[in-house]
Amino acid sequence: MSHVRIAYDTFQKTAPAAQAALLAMGKTADESGLDKEIVELTKLRVSQINNCAFCLQIHLNVSRKYGIAQEKLDLVATWQEAGIFSERECAALAWAEALTQLAGHSVSDAAYDSVRKHFSESEIVFLSTSIATINAWNRLGAAFRFAPPIPRKLVADKAA
């Protein structure tokens, strides 16, 4: 079992400017008018790829608050095979994977052409900014092993 290396609260207190910068970067994407369901689905997928339990739990909580279908939350890891995601959602998820899995190669023209079929240039800028931001958060969360915020229901069930 892994243990927390640096608590999220400690990160906040130690590097408030870094936290503020990441929050501000995320806020620009969140306020761009881009579909919040697509943004959250991409954040979930990126957090799965990067093994960041902290961010995964946060964005599951946010996704539930937005009313994203449970089936989509359950199947986002296998979105290509699930058959329940729209073409636009699939394009966003493919773009998220392309921007996240960069080791040893660059983002292909084919990947860009694919996302361009479903998103305007402005939307791609903000979608990419959102993906870059969650990748940065994931790297911090995974490095320091931030403890995932446990939903209140689970805390209550655990106490019972």
# chains A, B, ... in the order shown; residues from 1 in each chain; ligands from 1
$ select_by_dssp --residues "stretch 3-46 of chain A" --states "helix (DSSP H, G or I)" --output "ChimeraX atom specification"
/A:8-14,16-30,36-46
$ residues_around --residues "A:Cys52" --least-positions-apart "6" --cutoff "10 Å" --atoms "only C-alpha atoms" --output "list in words"
Leu44, Val46, Ile134, Asn135, Trp137, Asn138, Arg139, Leu140, Gly141, Ala142, Ala143, Phe144, Arg145, Phe146, Ala147 and Pro148 of chain A
$ write_last_selection --atoms "C-alpha atoms" --output "JSON list (two decimals), in the first residue's frame"
[["chain", "number", "residue", "atom", "x", "y", "z"],
["A", 44, "LEU", "CA", -10.78, 11.50, -15.86],
["A", 46, "VAL", "CA", -5.80, 11.59, -18.29],
["A", 134, "ILE", "CA", -4.62, 18.07, -15.54],
["A", 135, "ASN", "CA", -1.36, 16.48, -16.67],
["A", 137, "TRP", "CA", -1.76, 18.27, -11.50],
["A", 138, "ASN", "CA", -1.39, 14.51, -12.09],
["A", 139, "ARG", "CA", 2.37, 14.73, -11.99],
["A", 140, "LEU", "CA", 2.23, 16.52, -8.65],
["A", 141, "GLY", "CA", -0.46, 14.24, -7.24],
["A", 142, "ALA", "CA", 1.36, 11.10, -8.35],
["A", 143, "ALA", "CA", 4.80, 12.34, -7.22],
["A", 144, "PHE", "CA", 3.60, 13.31, -3.76],
["A", 145, "ARG", "CA", 0.85, 10.66, -3.54],
["A", 146, "PHE", "CA", -1.79, 13.15, -2.48],
["A", 147, "ALA", "CA", -4.53, 11.25, -0.64],
["A", 148, "PRO", "CA", -7.73, 11.17, -2.66]]
$ closest_residue --among "A:Ala18, A:Ile124, A:Val4, A:Ala29" --to "A:Phe54" --atoms "only C-alpha atoms"
A:Val4
$ closest_residue --among "A:Ile150, A:Ala132, A:Leu73, A:Val125" --to "A:Leu34" --atoms "only C-alpha atoms"
A:Val125
$ residues_around --residues "A:Ala92" --least-positions-apart "4" --cutoff "9 Å" --atoms "only C-alpha atoms" --output "ChimeraX atom specification"
/A:38-39,41-42,87-88,96-97,115,118-119,124,127
$ write_last_selection --atoms "N, CA and C atoms" --output "short mmCIF file (atom, residue, chain, number, x, y, z; two decimals), in the first residue's frame"
data_model
loop_
_atom_site.label_atom_id
_atom_site.label_comp_id
_atom_site.auth_asym_id
_atom_site.auth_seq_id
_atom_site.Cartn_x
_atom_site.Cartn_y
_atom_site.Cartn_z
N ILE A 38 -17.37 17.11 -21.52
CA ILE A 38 -16.19 16.71 -22.29
C ILE A 38 -14.92 17.02 -21.51
N VAL A 39 -14.87 18.18 -20.90
CA VAL A 39 -13.69 18.56 -20.11
C VAL A 39 -13.48 17.54 -18.98
N LEU A 41 -14.63 14.42 -18.70
CA LEU A 41 -14.28 13.10 -19.21
C LEU A 41 -12.80 13.02 -19.59
N THR A 42 -12.29 14.10 -20.19
CA THR A 42 -10.86 14.08 -20.55
C THR A 42 -9.99 14.12 -19.30
N GLU A 87 -19.25 11.08 -31.10
CA GLU A 87 -18.04 11.27 -31.91
C GLU A 87 -17.20 12.41 -31.35
N ARG A 88 -17.85 13.45 -30.88
CA ARG A 88 -17.14 14.61 -30.31
C ARG A 88 -16.41 14.20 -29.02
N ALA A 96 -6.91 13.82 -25.77
CA ALA A 96 -6.36 13.78 -24.40
C ALA A 96 -5.28 12.70 -24.29
N GLU A 97 -5.53 11.55 -24.87
CA GLU A 97 -4.55 10.47 -24.83
C GLU A 97 -3.30 10.86 -25.62
N VAL A 115 -9.16 15.67 -34.18
CA VAL A 115 -9.82 16.55 -33.22
C VAL A 115 -10.38 17.79 -33.93
N HIS A 118 -14.06 17.98 -35.10
CA HIS A 118 -15.14 18.11 -34.12
C HIS A 118 -15.06 19.36 -33.25
N PHE A 119 -13.93 20.06 -33.31
CA PHE A 119 -13.73 21.23 -32.45
C PHE A 119 -13.17 22.39 -33.28
N ILE A 124 -10.07 23.82 -29.43
CA ILE A 124 -8.88 22.97 -29.32
C ILE A 124 -7.85 23.61 -28.39
N LEU A 127 -9.33 23.08 -24.87
CA LEU A 127 -9.29 21.66 -24.54
C LEU A 127 -7.85 21.24 -24.24
#
